[in-house]
There are 2 protein chains.
Amino acid sequence: MPQSHATPQAPKRYLYGPGPTQVEDSVYQAMANNVVGHLDPYFFEVAGDVRARLRTVFGTSNELTLAISGTGSSGMETAVANFVEPGVKFGVLSAGFFAERIAEMARRHGATVVKADKPWGETFSDAEAREFILRERPQLVAFVHAETSTGALQSPAAICQAAHEVGALVIADTVTSLGAVPVEVDLHGIDIAYSCSQKGLSCPPGLSPVTVSPRAVERLDARKTPCDVWYLDLKLLRDYYDGKKYHHTASATLMYALREALRLVDVEGAKIRWNRHRESHEYFVRKIEAMGLGMHVAPGHRIPNLNTVRTPEGVDDAKVRSRLLTEHGIEVAGGFGPLAGKIFRIGLMGPLATRDGVDFFLNAFQQCLK
Amino acid sequence: MPQSHATPQAPKRYLYGPGPTQVEDSVYQAMANNVVGHLDPYFFEVAGDVRARLRTVFGTSNELTLAISGTGSSGMETAVANFVEPGVKFGVLSAGFFAERIAEMARRHGATVVKADKPWGETFSDAEAREFILRERPQLVAFVHAETSTGALQSPAAICQAAHEVGALVIADTVTSLGAVPVEVDLHGIDIAYSCSQKGLSCPPGLSPVTVSPRAVERLDARKTPCDVWYLDLKLLRDYYDGKKYHHTASATLMYALREALRLVDVEGAKIRWNRHRESHEYFVRKIEAMGLGMHVAPGHRIPNLNTVRTPEGVDDAKVRSRLLTEHGIEVAGGFGPLAGKIFRIGLMGPLATRDGVDFFLNAFQQCLK
């Protein structure tokens, strides 16, 4: 039988990994507000505020914008499961782990998956994306805006244009980009975008923002079969958040936290926030290169808030990460798959995306690389 | 664009509904601990403690016991999706809304569903359960231990025995029972049980405890197709929580809260806690009957922590509930489906399951019934 000693305090951590990310005190405070029921008028007020603020941060006027009661991966599965019917042709632009995950989910839900593949860390040029989509003519096209496994940022414009030419809906993974990098759902014509509550929004994990275009809603309403996942069924969730029909017991706690995190984004202003992340990134890269280290992704294709630094020759990245954690309370991540041992994945997100945040990290990093 | 005023405080609520339920201060405090990464050794320590304590409260030694990163309904879908393969015969003992939900999920995942039906508020006798199972010989049998929509408590023993005689696995919904009513997974031979973090455990919503017997694990490992829901795939989740392979970014926040809530259960002692809920229920029923009101469920079949009281003749239950909320900050629920307008659903769970908690509620209830 487990011991029943009082719950200890969590060790202080500086979250410089790809996620979860550092959380502002006011978000923790909002989260500790007392729980109200999922049918309480106050809950709908909070959820409505979250939905409105999510539209702003997604750059969309999509009515069907809400937060799924699960982590970012549940948002990915929501996007896939609601728009796949058995036999649908599903195109994936894949140059990393999370694109492969989308493909895996699509297969499980009965899609016929076709992929364009590039090495991990590269992105698709406009011509490459266009050629793949026009050749394959899938009914759905999925891409990862900010590929967390590699540090590469994929431009959405050409993908969306080609997809719409062949009548396909576009699914965009904005898990690592939302709140830190411009995500322009309406401008680019992204049909379904999903993200997470942590990373660029710097809230604790547990919710997954999702937005769906009117064009995609039409496709959803025309489905011949119900979504195979009841928990993630967007039609049921739409009715629930519109106050029409009970679905599940959403977590007021997490909704309070997300609302406060989104309020902080609004207070700062999205553009100022994006610039802050970009400037911190540029400062970081200059310093890293001055240290004689190299970035994994080519200039112009890097995710500003997730920096992938090549592991120097002869350095054991696991040892460095372990020292960072135990000696400095700093979390960063390593690479995996084809990038295992080859890169550090260093997040500069939310409150840590400042020059001071970069200096604090690099000081510890330099010590641990020795 | 939404206003960016500071986040207001949530209104104080006394959660006497079927859930979410009242949360102890120490759980809120634990939850506000700083987030650590989902691969941090401290996270695994916390998750390991949660897993151990869940085994205690479920009454099981099942190795595969963990918390799904979603609400109780995601636990239900985990239980269904991982054990249904297309064409499987799936038996449901249905006398309420949540049993119907299980059946709906099973259909979506490709099962052939057979049901035994009874009016909402009744339970299945040992003979009825046995007759259904031996006649239909399904590969899976699901029942709802505590049917939140009706207030009826279903005895598990005969169901489990008959199911095992025909080689079926038993799925038990313990969403409303766990932590407040004895749930004896190993004693009864329940193969898959799921619950939620709120209700009897009195933690904020957002996680769903699940436990799986070795017999069910064998069935899981012998699946010919992968689970159709990647997010809820128990094989992947097992590897994740065993530290073998990354799956998703679990919420340290919710895990801290659940650990503290489970610690409080351990400190009180499960048996004492069950007795407290039973005694508060008996006190409540005596008082309710003294007020000239009636219970919906027959004596001996009532869920102690979820009391369904018949709406008195000529009373508009919605008005009473609205007055309770606005005048007293008290949340209770009404009935739905065939019980719409006919009952109040009154939870006495966690910190509110005391004589004082009953008196506080009934005082307000009496005023609002006038």
# chains A, B, ... in the order shown; residues from 1 in each chain; ligands from 1
$ interface_residues --of "chain A" --to "chain B" --cutoff "7 Å" --atoms "only C-alpha atoms" --output "PyMOL selection string"
chain A and resi 2+4+7+9-10+12-13+19-20+28+32-37+52-53+69-71+73-74+77+105+108-109+204-206+228+230-231+248-251+253+260+263+266-267
$ select_by_dssp --residues "range 49-259 of chain B" --states "helix (DSSP H, G or I)" --output "ChimeraX atom specification"
/B:49-58,72-81,97-108,126-136,157-165,185-188,199-201,214-221,234-241,252-259
$ calpha_fit_and_write --fixed "chain A" --moving "chain B" --output "compact mmCIF listing (two decimals) with C-alpha atoms, in the first residue's frame"
# COMPACT_ATOMS: atom_id res chain seq x y z
CA MET B 1 -0.01 0.07 0.04
CA PRO B 2 1.42 3.49 -0.89
CA GLN B 3 2.53 5.87 1.83
CA SER B 4 0.17 8.69 2.71
CA HIS B 5 2.64 11.44 3.54
CA ALA B 6 1.64 14.96 2.58
CA THR B 7 2.12 15.73 -1.09
CA PRO B 8 5.62 17.16 -1.65
CA GLN B 9 6.28 20.27 -3.68
CA ALA B 10 7.30 19.74 -7.28
CA PRO B 11 10.95 20.59 -7.97
CA LYS B 12 11.42 23.98 -9.60
CA ARG B 13 11.94 23.57 -13.32
CA TYR B 14 12.84 25.90 -16.16
CA LEU B 15 11.02 24.40 -19.09
CA TYR B 16 13.28 25.00 -22.10
CA GLY B 17 12.12 21.83 -23.85
CA PRO B 18 9.63 21.50 -26.69
CA GLY B 19 6.85 21.36 -24.08
CA PRO B 20 5.28 21.56 -21.64
CA THR B 21 6.33 25.17 -21.23
CA GLN B 22 6.76 27.68 -18.45
CA VAL B 23 3.47 28.88 -16.96
CA GLU B 24 2.88 32.40 -15.62
CA ASP B 25 1.80 32.72 -11.98
CA SER B 26 -1.52 34.31 -12.89
CA VAL B 27 -2.39 31.20 -14.90
CA TYR B 28 -1.74 28.96 -11.89
CA GLN B 29 -3.83 31.33 -9.79
CA ALA B 30 -6.72 31.31 -12.25
CA MET B 31 -6.56 27.52 -12.40
CA ALA B 32 -6.93 27.19 -8.63
CA ASN B 33 -10.31 28.93 -8.74
CA ASN B 34 -13.08 26.73 -7.39
CA VAL B 35 -14.60 24.28 -9.83
CA VAL B 36 -18.09 25.02 -11.17
CA GLY B 37 -20.33 22.58 -12.98
CA HIS B 38 -20.03 22.01 -16.72
CA LEU B 39 -23.61 23.24 -17.15
CA ASP B 40 -23.19 26.27 -14.89
CA PRO B 41 -23.85 29.59 -16.68
CA TYR B 42 -20.43 30.70 -15.46
CA PHE B 43 -18.79 27.73 -17.16
CA PHE B 44 -20.37 28.71 -20.47
CA GLU B 45 -19.23 32.29 -19.96
CA VAL B 46 -15.65 31.09 -19.48
CA ALA B 47 -15.85 28.60 -22.36
CA GLY B 48 -17.36 31.31 -24.58
CA ASP B 49 -14.51 33.68 -23.71
CA VAL B 50 -11.98 30.93 -24.49
CA ARG B 51 -13.66 30.27 -27.82
CA ALA B 52 -13.61 33.97 -28.76
CA ARG B 53 -9.97 34.39 -27.76
CA LEU B 54 -9.00 31.22 -29.63
CA ARG B 55 -10.50 32.71 -32.79
CA THR B 56 -8.23 35.73 -32.35
CA VAL B 57 -5.08 33.72 -31.83
CA PHE B 58 -5.93 31.33 -34.70
CA GLY B 59 -6.62 34.31 -36.99
CA THR B 60 -10.07 33.09 -37.86
CA SER B 61 -13.76 33.88 -37.66
CA ASN B 62 -14.66 30.18 -37.68
CA GLU B 63 -17.77 29.64 -35.55
CA LEU B 64 -16.68 26.06 -34.80
CA THR B 65 -13.70 26.88 -32.60
CA LEU B 66 -13.35 25.19 -29.23
CA ALA B 67 -10.99 23.36 -26.89
CA ILE B 68 -11.03 19.55 -26.84
CA SER B 69 -10.81 17.98 -23.35
CA GLY B 70 -7.50 16.26 -24.00
CA THR B 71 -3.91 17.09 -24.91
CA GLY B 72 -2.64 18.22 -28.33
CA SER B 73 -2.64 14.65 -29.60
CA SER B 74 -6.38 14.45 -28.96
CA GLY B 75 -6.76 17.53 -31.16
CA MET B 76 -4.80 15.76 -33.88
CA GLU B 77 -7.09 12.76 -33.62
CA THR B 78 -10.16 15.03 -33.62
CA ALA B 79 -9.00 16.58 -36.89
CA VAL B 80 -8.36 13.17 -38.44
CA ALA B 81 -11.31 11.16 -37.09
CA ASN B 82 -13.99 13.70 -37.93
CA PHE B 83 -12.95 14.09 -41.55
CA VAL B 84 -11.89 10.58 -42.48
CA GLU B 85 -14.46 8.09 -43.68
CA PRO B 86 -13.34 4.63 -44.73
CA GLY B 87 -11.47 4.69 -48.03
CA VAL B 88 -10.88 8.44 -48.11
CA LYS B 89 -7.60 9.39 -49.78
CA PHE B 90 -5.50 11.23 -47.22
CA GLY B 91 -2.32 13.06 -48.24
CA VAL B 92 0.42 13.83 -45.72
CA LEU B 93 3.46 16.04 -46.24
CA SER B 94 5.90 14.30 -43.92
CA ALA B 95 9.32 15.42 -42.74
CA GLY B 96 9.13 14.48 -39.06
CA PHE B 97 7.65 12.47 -36.24
CA PHE B 98 4.36 14.30 -35.88
CA ALA B 99 3.51 14.09 -39.57
CA GLU B 100 4.06 10.33 -39.27
CA ARG B 101 1.69 10.30 -36.31
CA ILE B 102 -1.01 11.99 -38.40
CA ALA B 103 -0.53 9.33 -41.09
CA GLU B 104 -0.75 6.56 -38.48
CA MET B 105 -3.98 7.98 -37.09
CA ALA B 106 -5.48 8.38 -40.56
CA ARG B 107 -4.76 4.71 -41.32
CA ARG B 108 -6.38 3.63 -38.07
CA HIS B 109 -9.52 5.54 -39.00
CA GLY B 110 -9.70 3.79 -42.36
CA ALA B 111 -8.08 6.29 -44.74
CA THR B 112 -5.87 5.37 -47.66
CA VAL B 113 -2.75 7.36 -46.87
CA VAL B 114 -0.42 8.78 -49.50
CA LYS B 115 2.71 10.57 -48.36
CA ALA B 116 5.34 12.94 -49.66
CA ASP B 117 8.50 12.38 -47.61
CA LYS B 118 11.54 14.54 -46.95
CA PRO B 119 14.43 14.14 -44.50
CA TRP B 120 13.72 15.24 -40.93
CA GLY B 121 14.58 18.91 -40.63
CA GLU B 122 13.69 19.92 -44.19
CA THR B 123 10.50 21.55 -45.45
CA PHE B 124 8.52 21.29 -48.66
CA SER B 125 9.02 24.00 -51.25
CA ASP B 126 5.91 25.47 -52.85
CA ALA B 127 6.64 23.50 -56.04
CA GLU B 128 7.14 20.21 -54.18
CA ALA B 129 3.93 20.60 -52.20
CA ARG B 130 1.99 21.56 -55.31
CA GLU B 131 3.34 18.71 -57.41
CA PHE B 132 2.43 16.13 -54.73
CA ILE B 133 -1.09 17.43 -54.21
CA LEU B 134 -1.97 17.86 -57.91
CA ARG B 135 -0.56 14.41 -58.71
CA GLU B 136 -2.29 12.54 -55.86
CA ARG B 137 -5.51 14.59 -55.69
CA PRO B 138 -6.35 13.49 -52.14
CA GLN B 139 -9.59 14.45 -50.38
CA LEU B 140 -7.63 15.62 -47.34
CA VAL B 141 -4.15 17.13 -47.09
CA ALA B 142 -2.37 17.31 -43.74
CA PHE B 143 0.84 19.11 -42.86
CA VAL B 144 2.68 20.10 -39.72
CA HIS B 145 3.19 23.84 -39.47
CA ALA B 146 5.93 23.64 -36.84
CA GLU B 147 7.45 20.14 -36.70
CA THR B 148 8.39 19.73 -33.04
CA SER B 149 10.64 16.76 -33.75
CA THR B 150 12.92 18.69 -36.11
CA GLY B 151 12.57 22.43 -35.54
CA ALA B 152 11.41 23.13 -39.12
CA LEU B 153 8.63 25.57 -39.98
CA GLN B 154 6.53 24.70 -43.03
CA SER B 155 4.97 27.51 -45.08
CA PRO B 156 1.21 26.88 -45.47
CA ALA B 157 0.28 29.04 -48.47
CA ALA B 158 1.13 26.80 -51.44
CA ILE B 159 -0.24 23.70 -49.70
CA CYS B 160 -3.59 25.34 -49.03
CA GLN B 161 -3.86 26.74 -52.54
CA ALA B 162 -3.09 23.45 -54.29
CA ALA B 163 -5.34 21.49 -51.92
CA HIS B 164 -8.27 23.76 -52.66
CA GLU B 165 -7.66 23.44 -56.39
CA VAL B 166 -8.27 19.70 -56.09
CA GLY B 167 -11.18 20.15 -53.66
CA ALA B 168 -9.28 18.84 -50.64
CA LEU B 169 -9.63 20.04 -47.06
CA VAL B 170 -6.41 21.11 -45.35
CA ILE B 171 -5.50 19.97 -41.84
CA ALA B 172 -2.74 21.97 -40.15
CA ASP B 173 -0.91 20.88 -37.02
CA THR B 174 -0.21 24.13 -35.16
CA VAL B 175 0.69 22.48 -31.85
CA THR B 176 4.05 24.21 -31.54
CA SER B 177 3.29 27.36 -33.52
CA LEU B 178 0.08 28.75 -32.00
CA GLY B 179 0.73 31.78 -29.81
CA ALA B 180 4.42 32.03 -30.72
CA VAL B 181 4.40 32.20 -34.53
CA PRO B 182 1.79 33.75 -36.84
CA VAL B 183 -0.98 31.23 -37.49
CA GLU B 184 -3.33 32.69 -40.07
CA VAL B 185 -6.12 30.19 -40.52
CA ASP B 186 -8.44 32.37 -42.60
CA LEU B 187 -5.71 34.13 -44.58
CA HIS B 188 -4.14 30.87 -45.72
CA GLY B 189 -7.40 28.95 -46.05
CA ILE B 190 -6.56 26.24 -43.51
CA ASP B 191 -9.70 24.17 -42.98
CA ILE B 192 -8.93 22.38 -39.73
CA ALA B 193 -6.22 23.51 -37.31
CA TYR B 194 -5.47 22.08 -33.90
CA SER B 195 -3.03 22.96 -31.17
CA CYS B 196 -2.38 22.44 -27.46
CA SER B 197 -2.80 24.58 -24.36
CA GLN B 198 0.91 24.55 -23.49
CA LYS B 199 3.86 25.52 -25.81
CA GLY B 200 3.15 28.93 -27.40
CA LEU B 201 0.14 29.56 -25.16
CA SER B 202 2.14 28.66 -22.03
CA CYS B 203 -0.74 27.12 -20.15
CA PRO B 204 -0.54 23.71 -18.42
CA PRO B 205 -1.24 20.74 -20.73
CA GLY B 206 -4.69 19.16 -20.88
CA LEU B 207 -6.70 21.02 -23.53
CA SER B 208 -6.46 21.12 -27.29
CA PRO B 209 -7.75 24.13 -29.26
CA VAL B 210 -9.38 23.21 -32.57
CA THR B 211 -10.88 25.37 -35.28
CA VAL B 212 -12.91 24.27 -38.32
CA SER B 213 -13.76 26.32 -41.43
CA PRO B 214 -17.34 26.61 -42.75
CA ARG B 215 -16.23 24.55 -45.76
CA ALA B 216 -15.07 21.76 -43.45
CA VAL B 217 -18.25 22.04 -41.37
CA GLU B 218 -20.23 21.35 -44.54
CA ARG B 219 -18.16 18.23 -45.11
CA LEU B 220 -18.69 17.24 -41.48
CA ASP B 221 -22.45 17.67 -41.72
CA ALA B 222 -22.53 15.64 -44.91
CA ARG B 223 -20.79 12.60 -43.34
CA LYS B 224 -22.61 9.36 -44.07
CA THR B 225 -21.33 7.60 -40.95
CA PRO B 226 -20.92 9.00 -37.44
CA CYS B 227 -17.39 9.88 -36.35
CA ASP B 228 -15.92 6.64 -35.00
CA VAL B 229 -14.67 8.34 -31.82
CA TRP B 230 -17.60 9.46 -29.69
CA TYR B 231 -15.39 11.44 -27.27
CA LEU B 232 -13.93 13.54 -30.10
CA ASP B 233 -17.09 13.85 -32.23
CA LEU B 234 -17.17 17.50 -33.32
CA LYS B 235 -20.91 17.48 -34.02
CA LEU B 236 -21.61 16.43 -30.44
CA LEU B 237 -19.02 18.88 -29.12
CA ARG B 238 -20.54 21.70 -31.15
CA ASP B 239 -23.96 21.03 -29.62
CA TYR B 240 -22.39 20.81 -26.16
CA TYR B 241 -20.52 24.10 -26.34
CA ASP B 242 -23.52 25.78 -27.96
CA GLY B 243 -25.44 24.79 -24.81
CA LYS B 244 -27.80 22.44 -26.63
CA LYS B 245 -26.91 18.99 -25.35
CA TYR B 246 -24.77 17.47 -22.61
CA HIS B 247 -21.67 15.68 -23.83
CA HIS B 248 -18.97 15.29 -21.18
CA THR B 249 -17.85 16.93 -17.94
CA ALA B 250 -15.35 19.47 -19.21
CA SER B 251 -12.71 20.62 -16.76
CA ALA B 252 -13.56 24.11 -15.50
CA THR B 253 -10.08 24.11 -13.96
CA LEU B 254 -8.26 23.77 -17.26
CA MET B 255 -10.67 26.18 -18.92
CA TYR B 256 -9.89 28.87 -16.30
CA ALA B 257 -6.18 28.35 -16.97
CA LEU B 258 -6.54 28.54 -20.73
CA ARG B 259 -8.66 31.67 -20.51
CA GLU B 260 -6.02 33.41 -18.43
CA ALA B 261 -3.22 32.27 -20.75
CA LEU B 262 -5.16 33.58 -23.76
CA ARG B 263 -5.87 36.83 -21.92
CA LEU B 264 -2.12 37.28 -21.44
CA VAL B 265 -1.65 36.80 -25.20
CA ASP B 266 -4.30 39.47 -25.85
CA VAL B 267 -2.78 41.88 -23.33
CA GLU B 268 0.64 41.55 -24.91
CA GLY B 269 -0.78 41.62 -28.42
CA ALA B 270 -0.27 38.75 -30.82
CA LYS B 271 2.11 40.64 -33.13
CA ILE B 272 4.30 41.85 -30.28
CA ARG B 273 4.37 38.31 -28.92
CA TRP B 274 5.36 36.85 -32.29
CA ASN B 275 8.12 39.46 -32.61
CA ARG B 276 9.36 38.72 -29.11
CA HIS B 277 9.69 35.04 -29.99
CA ARG B 278 11.42 35.84 -33.28
CA GLU B 279 13.87 38.28 -31.69
CA SER B 280 14.74 35.88 -28.87
CA HIS B 281 15.34 33.21 -31.47
CA GLU B 282 17.63 35.45 -33.54
CA TYR B 283 19.56 36.42 -30.41
CA PHE B 284 19.82 32.73 -29.47
CA VAL B 285 21.11 31.73 -32.91
CA ARG B 286 23.75 34.48 -32.90
CA LYS B 287 24.97 33.34 -29.49
CA ILE B 288 24.89 29.64 -30.41
CA GLU B 289 26.93 30.30 -33.54
CA ALA B 290 29.35 32.41 -31.54
CA MET B 291 29.81 29.34 -29.32
CA GLY B 292 30.82 27.41 -32.43
CA LEU B 293 27.62 25.34 -32.47
CA GLY B 294 25.34 24.81 -35.47
CA MET B 295 21.61 24.82 -36.05
CA HIS B 296 20.02 21.72 -37.58
CA VAL B 297 17.52 23.54 -39.79
CA ALA B 298 18.49 25.88 -42.64
CA PRO B 299 18.03 29.64 -42.05
CA GLY B 300 14.59 30.88 -43.06
CA HIS B 301 12.96 27.54 -42.20
CA ARG B 302 13.42 27.51 -38.44
CA ILE B 303 10.68 27.50 -35.81
CA PRO B 304 11.56 30.58 -33.71
CA ASN B 305 10.32 29.06 -30.48
CA LEU B 306 11.84 25.60 -30.93
CA ASN B 307 15.52 25.64 -31.72
CA THR B 308 17.29 22.48 -32.81
CA VAL B 309 21.00 22.69 -32.12
CA ARG B 310 23.36 20.04 -33.49
CA THR B 311 25.10 17.99 -30.80
CA PRO B 312 28.83 18.82 -31.04
CA GLU B 313 31.16 16.02 -32.07
CA GLY B 314 32.06 13.76 -29.13
CA VAL B 315 29.35 15.11 -26.81
CA ASP B 316 26.85 12.71 -25.20
CA ASP B 317 23.60 14.66 -25.43
CA ALA B 318 21.86 12.54 -22.79
CA LYS B 319 24.55 13.39 -20.23
CA VAL B 320 24.27 17.09 -21.00
CA ARG B 321 20.50 16.98 -20.61
CA SER B 322 20.77 15.08 -17.38
CA ARG B 323 23.25 17.62 -15.97
CA LEU B 324 21.07 20.54 -17.07
CA LEU B 325 18.15 18.99 -15.16
CA THR B 326 19.95 17.99 -11.99
CA GLU B 327 22.37 20.91 -11.69
CA HIS B 328 20.22 23.73 -13.05
CA GLY B 329 16.61 22.49 -13.01
CA ILE B 330 16.54 23.08 -16.76
CA GLU B 331 14.60 20.77 -19.04
CA VAL B 332 15.50 20.46 -22.71
CA ALA B 333 14.86 17.54 -25.04
CA GLY B 334 16.98 15.44 -27.34
CA GLY B 335 16.22 14.24 -30.83
CA PHE B 336 14.55 10.96 -31.65
CA GLY B 337 14.10 8.67 -34.63
CA PRO B 338 16.72 9.58 -37.24
CA LEU B 339 17.78 12.55 -35.09
CA ALA B 340 18.42 10.57 -31.87
CA GLY B 341 21.64 11.81 -30.27
CA LYS B 342 22.16 14.34 -33.05
CA ILE B 343 20.30 17.41 -31.76
CA PHE B 344 19.15 19.29 -28.70
CA ARG B 345 15.60 20.61 -28.89
CA ILE B 346 15.52 23.91 -27.05
CA GLY B 347 12.27 25.77 -26.56
CA LEU B 348 12.11 29.51 -26.08
CA MET B 349 8.45 29.97 -25.38
CA GLY B 350 6.12 32.19 -23.42
CA PRO B 351 7.82 33.87 -20.46
CA LEU B 352 11.24 32.37 -21.34
CA ALA B 353 11.36 33.93 -24.83
CA THR B 354 13.43 36.94 -23.80
CA ARG B 355 17.12 37.90 -24.00
CA ASP B 356 17.41 37.21 -20.28
CA GLY B 357 15.79 33.83 -20.84
CA VAL B 358 18.32 33.04 -23.56
CA ASP B 359 21.27 34.19 -21.45
CA PHE B 360 20.11 32.19 -18.42
CA PHE B 361 19.85 29.07 -20.52
CA LEU B 362 23.08 29.47 -22.46
CA ASN B 363 25.09 30.09 -19.32
CA ALA B 364 23.96 26.72 -17.94
CA PHE B 365 24.26 25.03 -21.34
CA GLN B 366 27.88 26.12 -21.72
CA GLN B 367 28.76 24.74 -18.28
CA CYS B 368 27.12 21.40 -19.05
CA LEU B 369 28.74 21.04 -22.47
CA LYS B 370 32.20 21.11 -20.87
$ decode --residues "range 66-122 of chain B" --atoms "C-alpha atoms" --output "PDB file, in the first residue's frame"
ATOM      1  CA  LEU B  66      -3.423   4.266 -15.104  1.00  0.00           C
ATOM      2  CA  ALA B  67      -5.199   7.572 -15.681  1.00  0.00           C
ATOM      3  CA  ILE B  68      -6.282   8.492 -19.209  1.00  0.00           C
ATOM      4  CA  SER B  69      -5.682  12.147 -20.192  1.00  0.00           C
ATOM      5  CA  GLY B  70      -9.357  12.951 -20.646  1.00  0.00           C
ATOM      6  CA  THR B  71     -12.596  13.004 -18.686  1.00  0.00           C
ATOM      7  CA  GLY B  72     -14.623   9.963 -17.569  1.00  0.00           C
ATOM      8  CA  SER B  73     -16.163   9.618 -21.015  1.00  0.00           C
ATOM      9  CA  SER B  74     -12.693   9.126 -22.485  1.00  0.00           C
ATOM     10  CA  GLY B  75     -12.233   6.264 -20.026  1.00  0.00           C
ATOM     11  CA  MET B  76     -15.479   4.748 -21.260  1.00  0.00           C
ATOM     12  CA  GLU B  77     -14.269   4.996 -24.839  1.00  0.00           C
ATOM     13  CA  THR B  78     -10.881   3.542 -23.851  1.00  0.00           C
ATOM     14  CA  ALA B  79     -12.634   0.507 -22.372  1.00  0.00           C
ATOM     15  CA  VAL B  80     -14.784   0.065 -25.469  1.00  0.00           C
ATOM     16  CA  ALA B  81     -12.295   0.887 -28.248  1.00  0.00           C
ATOM     17  CA  ASN B  82      -9.471  -1.291 -26.959  1.00  0.00           C
ATOM     18  CA  PHE B  83     -11.598  -4.415 -26.635  1.00  0.00           C
ATOM     19  CA  VAL B  84     -13.920  -4.135 -29.609  1.00  0.00           C
ATOM     20  CA  GLU B  85     -12.838  -5.446 -32.976  1.00  0.00           C
ATOM     21  CA  PRO B  86     -15.253  -5.266 -35.891  1.00  0.00           C
ATOM     22  CA  GLY B  87     -18.086  -7.767 -35.529  1.00  0.00           C
ATOM     23  CA  VAL B  88     -17.509  -8.538 -31.860  1.00  0.00           C
ATOM     24  CA  LYS B  89     -20.723  -9.311 -29.984  1.00  0.00           C
ATOM     25  CA  PHE B  90     -21.086  -6.738 -27.229  1.00  0.00           C
ATOM     26  CA  GLY B  91     -23.711  -7.142 -24.495  1.00  0.00           C
ATOM     27  CA  VAL B  92     -24.981  -4.165 -22.509  1.00  0.00           C
ATOM     28  CA  LEU B  93     -27.185  -4.231 -19.421  1.00  0.00           C
ATOM     29  CA  SER B  94     -29.007  -0.954 -19.879  1.00  0.00           C
ATOM     30  CA  ALA B  95     -31.259   0.920 -17.472  1.00  0.00           C
ATOM     31  CA  GLY B  96     -30.032   4.473 -17.986  1.00  0.00           C
ATOM     32  CA  PHE B  97     -28.308   7.103 -20.066  1.00  0.00           C
ATOM     33  CA  PHE B  98     -24.722   6.019 -19.523  1.00  0.00           C
ATOM     34  CA  ALA B  99     -25.384   2.399 -20.447  1.00  0.00           C
ATOM     35  CA  GLU B 100     -26.891   3.718 -23.691  1.00  0.00           C
ATOM     36  CA  ARG B 101     -23.734   5.740 -24.236  1.00  0.00           C
ATOM     37  CA  ILE B 102     -21.601   2.602 -23.894  1.00  0.00           C
ATOM     38  CA  ALA B 103     -23.805   0.879 -26.486  1.00  0.00           C
ATOM     39  CA  GLU B 104     -23.494   3.869 -28.831  1.00  0.00           C
ATOM     40  CA  MET B 105     -19.709   3.844 -28.528  1.00  0.00           C
ATOM     41  CA  ALA B 106     -19.537   0.090 -29.093  1.00  0.00           C
ATOM     42  CA  ARG B 107     -21.552   0.460 -32.320  1.00  0.00           C
ATOM     43  CA  ARG B 108     -19.262   3.223 -33.538  1.00  0.00           C
ATOM     44  CA  HIS B 109     -16.256   0.969 -33.011  1.00  0.00           C
ATOM     45  CA  GLY B 110     -17.846  -1.782 -35.074  1.00  0.00           C
ATOM     46  CA  ALA B 111     -19.396  -4.071 -32.452  1.00  0.00           C
ATOM     47  CA  THR B 112     -22.678  -5.893 -32.831  1.00  0.00           C
ATOM     48  CA  VAL B 113     -24.548  -4.676 -29.770  1.00  0.00           C
ATOM     49  CA  VAL B 114     -27.134  -6.732 -27.912  1.00  0.00           C
ATOM     50  CA  LYS B 115     -28.936  -5.155 -24.994  1.00  0.00           C
ATOM     51  CA  ALA B 116     -31.012  -6.109 -21.995  1.00  0.00           C
ATOM     52  CA  ASP B 117     -33.226  -3.127 -21.135  1.00  0.00           C
ATOM     53  CA  LYS B 118     -35.015  -2.103 -17.962  1.00  0.00           C
ATOM     54  CA  PRO B 119     -36.788   1.129 -17.000  1.00  0.00           C
ATOM     55  CA  TRP B 120     -34.529   3.962 -15.831  1.00  0.00           C
ATOM     56  CA  GLY B 121     -34.076   3.648 -12.090  1.00  0.00           C
ATOM     57  CA  GLU B 122     -34.284  -0.151 -11.885  1.00  0.00           C
TER      58      GLU B 122
END
